[in-house]
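**Q** Input: one structure, supplied below.
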Amino acid sequence: MKQILAAIRSGTDPIGPLPPASFHRTLEEQIHCPKCEATYNLIVDYDWAVSRHFERESAQLIRMLRKAVMLGHSTDHRVTHFETAGVVVKSYKKEEPPPISPMPKHIM
């Protein structure tokens, strides 16, 4: 079974679903953007996080999330939630409401 690792920007709530698990664990290791102050917390399944081979199994996933965070700097870190299971990194960003257009003058 493929394990899922999520990176959620500090100070924000998860936008997409968290990895399927009974309990989640936030790892002590965080991902920092090398160009600014953005920090992302890593969320994983608790049982996987305490397993013997977690460090070896999660190394590639963490590298992929680091790269996604670094590439997100160009968009001012609008993406606040990344998720990967090993092949593709999914990104979730908050949907911004459409701008409110002013009322036409003939209605006033």
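Chains: A, B, ... in order of the structure tokens. Residues: from 1 per chain. Ligands: from 1, in order shown.
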So which residues touch stretch 8-21 of chain A within 9 Å, counting only C-alpha atoms, skipping near sequence neighbours fewer than 6 positions away, as a PyMOL selection string?

**A** chain A and resi 38-47+77+79-83+91-94

**Q** Which residues are near A:Cys36? Cut-off 12 Å, only C-alpha atoms, ignore same chain within fewer than 4 positions. Put them as a list in words.

**A**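 Here the qualifying residues turn out to be Ile31, His32, Val69, Met70, Gly72, His73, Ser74, Asp76 and His77 of chain A.
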
**Q** Using only C-alpha atoms for the distances, tell me which of A:Arg52, A:Ala68, A:Ser22, A:Ile100 is nearest to A:Thr84.

**A**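 Of the candidates, the smallest distance to A:Thr84 is held by A:Ala68.
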
**Q** Could you give me, as a count of residues only, each residue of chain A that DSSP assigns to strand (DSSP E or B) when run on this structure's backbone?

**A** 32

**Q** Counting only C-alpha atoms, which of A:Leu27, A:Cys33, A:Leu71, A:Leu5 gets nearest to A:Val50?

**A** A:Leu27
